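Here is the structure we will look at, set down as structure tokens.
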Amino acid sequence: MKAEHFMIREIREGPPSFRETLESLPNMESLAGEILSRYRCLLTCSSGSSHHAGLCLSYAASRLAGVEAYSVLSSEYSEHIHSFIGKEHLLVAISQSGESADTLRAARLASAKGVDILAITAAPASTLGSMARYVLNVRCGVERAVPATKSFMAQLAAVYSLALGLASPRLGAGELGGLRGELAGLPDLLSRVVDGSEELAVRCAKEMAELREAFLLGQGPSYIAALEASLKLKETCGVHAEAYSVREFRHGPISLLDRGVACFLIVPPEPGDSLDVFERVAAEARSLGVYTMTLSHEGGVAGSDLTLPRTSHVFATAVEVAPFQLLAYYLALEKSLDPDRPRLLKKVVQ
């Protein structure tokens, strides 16, 4: 059964797509140097999974490079960002197809104000690619399943590489070299995660088959992973899944914990004083009979249901998302749904 679906093949093609994208990118220090000299601020603009890749760029660029960076949904660009964007900003538009209607609309509005665009796309010759001053080509090949899996991993390779390029003037040679080495090793790490979490994903899917609601909690890059994981569960399995920063979850939504929901806690590699919050929420969820799972990195939470390889804080999203891609696939099968063609969805929203 697994072989007949594109989604599972494409999940397994995620690590090679990450590697191929990394190896094909242009000299990032040269591109980043030009960006740093021309622009004061980065604004990412995208939809769906691409929006989550944009959040990863904003997070990594601000944390590593000290660059002012923000992310906005393409559909909200005209309501907020367009009112103040100017030539000192670079709009980073992310779209796998380069034909997403909302992202193209935002890019056209920005271009009309003289704003330059950096396109991150798998289709450089697309409409978006033709509008952009700069293009980063993500090498994921054709993705036939509607849920984005390998394309998201390829986008992460591009945004992480760009963030490191932007950070090169700020970081010491040793720290920069260590991060570059870690980024180059991420495809192998991702392959280990996919192989090592499949059995758990199959078991969780069987245990969750009757549940229709889930909460996914994280912080920092792990909150971005929670957002992407919740999207996969919504679109692929029909699960009403909501993502929250773990501290924000306690400001109201925690009251919805009940036996009928699942609660996933994604603990980042550097949780700091939030570790206590993760542990308290997990304990409370379990005391209520909630289906609860904790994911953490090596050296993190004792007794985690899944221990992931340790990686730098800014790269954690890639490692944490992979198990949820698998869970979404196997849960769709448990529910007798077609993971390649979720209801009411199309690959490109036009």
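Every chain in the structure tokens takes a letter, A first, then B, and so on in the order presented; its residues are numbered from 1, and the ligands are numbered from 1 following the presented order.
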
Spatial neighbours of Leu189 (chain A), 10 Å, only C-alpha atoms, chain gap at least 3 places, as a VMD selection string: chain A and resid 15 182 to 186 192 to 194 308 to 311 318 to 319

Non-local contacts of Glu199 (chain A) (12 Å; only C-alpha atoms; under 3 positions in same chain excluded) as a ChimeraX atom specification: /A:193-196,202-206,306,323,326-327,330

For the residues in that selection, give me C-alpha atoms as a short mmCIF file (atom, residue, chain, number, x, y, z; two decimals), in the first residue's frame.
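And here is the file that came out, selection_20.cif:
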```cif
data_model
loop_
_atom_site.label_atom_id
_atom_site.label_comp_id
_atom_site.auth_asym_id
_atom_site.auth_seq_id
_atom_site.Cartn_x
_atom_site.Cartn_y
_atom_site.Cartn_z
CA VAL A 193 15.10 10.81 11.60
CA VAL A 194 12.83 9.55 8.82
CA ASP A 195 14.08 5.98 9.22
CA GLY A 196 14.07 6.12 13.01
CA VAL A 202 2.68 3.91 12.43
CA ARG A 203 1.87 3.12 16.09
CA CYS A 204 0.68 6.67 16.84
CA ALA A 205 -1.55 6.63 13.77
CA LYS A 206 -3.31 3.48 15.01
CA LEU A 306 10.80 10.26 20.67
CA PRO A 323 8.17 12.62 12.13
CA LEU A 326 5.11 10.43 8.52
CA LEU A 327 2.37 10.60 11.14
CA TYR A 330 -0.04 6.92 8.20
#
```

Do you know which residues are at most 12 Å from region 168-173 of chain A counting only C-alpha atoms, after dropping those on the same chain fewer than 4 positions away, and could you put them as a compact mmCIF listing (two decimals) with C-alpha atoms, in the first residue's frame?
```
# COMPACT_ATOMS: atom_id res chain seq x y z
CA MET A 28 25.74 32.79 -0.42
CA GLU A 29 28.35 35.11 1.02
CA SER A 30 28.40 37.12 -2.20
CA LEU A 31 24.60 37.30 -2.39
CA ALA A 32 24.28 38.03 1.33
CA GLY A 33 26.89 40.79 1.09
CA LEU A 36 23.27 43.55 3.55
CA SER A 37 24.64 46.54 1.63
CA ALA A 61 18.39 35.72 10.07
CA SER A 62 17.49 37.70 13.18
CA ARG A 63 19.09 35.29 15.65
CA LEU A 64 22.29 34.51 13.73
CA ALA A 65 22.84 37.66 11.70
CA GLY A 66 21.11 40.30 13.79
CA VAL A 67 19.13 41.28 10.68
CA SER A 161 21.92 28.71 3.73
CA LEU A 162 20.85 32.32 3.15
CA ALA A 163 20.71 32.98 6.90
CA LEU A 164 24.26 31.67 7.34
CA GLY A 177 32.45 26.97 10.26
CA GLY A 178 30.69 24.78 12.82
CA LEU A 179 27.25 25.87 11.62
CA ARG A 180 28.19 25.34 7.98
CA GLY A 181 29.43 21.86 8.78
```

For Asp116 (chain A), the nearest of the candidates A:Leu90, A:Met208, A:Leu22, A:Leu216, counting only C-alpha atoms: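 That would be A:Leu90, the residue with the smallest distance to Asp116 (chain A).
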
Write out, as CSV, each residue of region 281-334 of chain A that has an atom at most 9 Å from region 262-276 of chain A, together with the closest pair of atoms and their distance in Å to one decimal, counting only C-alpha atoms, rows going by chain and rising number.
```
residue,atom,partner,partner_atom,distance
A:Val281,CA,A:Leu265,CA,8.6
A:Ala282,CA,A:Leu265,CA,7.3
A:Ala285,CA,A:Cys263,CA,7.4
A:Val290,CA,A:Ala262,CA,6.0
A:Tyr291,CA,A:Ala262,CA,4.6
A:Thr292,CA,A:Cys263,CA,4.8
A:Met293,CA,A:Phe264,CA,4.9
A:Thr294,CA,A:Leu265,CA,4.7
A:Leu295,CA,A:Ile266,CA,4.9
A:Ser296,CA,A:Val267,CA,4.8
A:His297,CA,A:Pro269,CA,5.6
A:Glu298,CA,A:Pro269,CA,7.9
A:Gly299,CA,A:Pro269,CA,8.2
A:Gly300,CA,A:Pro269,CA,6.8
A:Val301,CA,A:Val267,CA,7.8
A:Arg310,CA,A:Pro269,CA,6.5
A:Thr311,CA,A:Pro269,CA,6.9
A:Ser312,CA,A:Pro269,CA,7.0
A:His313,CA,A:Pro269,CA,5.6
A:Ala316,CA,A:Pro268,CA,6.8
A:Thr317,CA,A:Pro268,CA,8.7
A:Glu320,CA,A:Ile266,CA,7.5
```

One-decimal distance in Å that lies between CA of Leu25 (chain A) and CA of Val115 (chain A):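 Computed distance, CA of Val115 (chain A) to CA of Leu25 (chain A), equals 23.4 Å.
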
Among the residues A:Gly238, A:Arg250, A:Glu279, A:Ile120, the one that comes closest to Ser336 (chain A) [using only C-alpha atoms]: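 Checking each candidate against Ser336 (chain A), we get A:Gly238 as the closest.
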
Nearest to Ala201 (chain A) by atom-to-atom distance, counting only C-alpha atoms, from A:Tyr39, A:Phe324, A:Tyr70, A:Tyr77: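 Ranked by minimum distance to Ala201 (chain A), first place goes to A:Phe324.
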
Closest atom pairs, residues of region 234-345 of chain A within 9 Å of region 147-154 of chain A, only C-alpha atoms, as a Markdown table:
```
| residue | atom | partner | partner_atom | distance |
| --- | --- | --- | --- | --- |
| A:Glu235 | CA | A:Pro147 | CA | 7.2 |
| A:Thr236 | CA | A:Pro147 | CA | 6.9 |
| A:Ala318 | CA | A:Met153 | CA | 6.7 |
| A:Ala322 | CA | A:Thr149 | CA | 8.4 |
| A:Gln325 | CA | A:Thr149 | CA | 6.9 |
| A:Pro339 | CA | A:Pro147 | CA | 7.7 |
| A:Asp340 | CA | A:Pro147 | CA | 7.0 |
| A:Arg341 | CA | A:Pro147 | CA | 8.1 |
| A:Pro342 | CA | A:Pro147 | CA | 8.1 |
```

All strand (DSSP E or B) positions in region 7-138 of chain A, as a list in words: Cys41, Leu42, Leu43, Thr44, Cys45, Ser46, Glu68, Ala69, Tyr70, Ser71, Val72, Leu73, His89, Leu90, Leu91, Val92, Ala93, Ile94, Asp116, Ile117, Leu118, Ala119, Ile120, Thr121, Tyr134, Val135, Leu136 and Asn137 of chain A

So that I have them on file, write out the residues from the current selection with C-alpha atoms, as a short mmCIF file (atom, residue, chain, number, x, y, z; two decimals), in the first residue's frame.
```
data_model
loop_
_atom_site.label_atom_id
_atom_site.label_comp_id
_atom_site.auth_asym_id
_atom_site.auth_seq_id
_atom_site.Cartn_x
_atom_site.Cartn_y
_atom_site.Cartn_z
CA CYS A 41 15.12 44.74 6.50
CA LEU A 42 13.90 41.38 5.15
CA LEU A 43 10.18 40.68 4.81
CA THR A 44 9.15 37.14 3.87
CA CYS A 45 5.83 36.70 2.11
CA SER A 46 4.31 33.29 1.44
CA GLU A 68 15.71 42.85 11.08
CA ALA A 69 13.38 40.27 9.57
CA TYR A 70 9.63 39.62 9.63
CA SER A 71 7.19 37.24 8.01
CA VAL A 72 3.70 37.87 6.68
CA LEU A 73 1.13 35.65 5.02
CA HIS A 89 13.16 46.46 2.32
CA LEU A 90 13.75 43.21 0.44
CA LEU A 91 10.64 41.11 -0.10
CA VAL A 92 11.48 37.41 0.08
CA ALA A 93 8.64 35.69 -1.77
CA ILE A 94 8.53 31.90 -1.31
CA ASP A 116 13.08 44.37 -4.91
CA ILE A 117 12.10 40.72 -4.66
CA LEU A 118 14.10 37.62 -3.82
CA ALA A 119 12.19 34.56 -5.02
CA ILE A 120 12.69 31.14 -3.42
CA THR A 121 11.04 28.71 -5.82
CA TYR A 134 17.30 37.49 -7.08
CA VAL A 135 16.23 33.84 -7.38
CA LEU A 136 17.14 30.86 -5.21
CA ASN A 137 16.22 27.63 -6.95
#
```

Straight-line distance linking CA of Leu331 (chain A) with CA of Ser197 (chain A), stated in Å to one decimal: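 For CA of Leu331 (chain A) relative to CA of Ser197 (chain A), the distance reads 14.1 Å.
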
A:Ala53, A:Ile11, A:Leu211, A:Leu288 ranked by distance to Gln155 (chain A), top pick (using only C-alpha atoms):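 Among the listed residues, the smallest separation from Gln155 (chain A) belongs to A:Ala53.
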
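One distance worth recording is that between CA of Val321 (chain A) and CA of Ala106 (chain A), which is 27.5 Å.
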
Nearest candidate to Val246 (chain A) (options A:Leu231, A:Ala122, A:Ile224, A:Val277; using only C-alpha atoms): A:Val277

From A:Met131, A:Glu242, A:His80, A:Phe315, residue lying nearest Ile254 (chain A) [only C-alpha atoms]: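 When distances to Ile254 (chain A) are compared using only C-alpha atoms, the smallest one comes from A:Glu242.
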
Which of region 143-349 of chain A fall in alpha helix (DSSP H), as a PyMOL selection string: chain A and resi 150-167+173-208+221-237+246-249+275-287+316-334

For Ser245 (chain A): contacts at 6 Å, only C-alpha atoms, fewer than 6 positions along chain excluded, given as JSON, numbers by chain: {"A": [217, 218, 219, 223]}
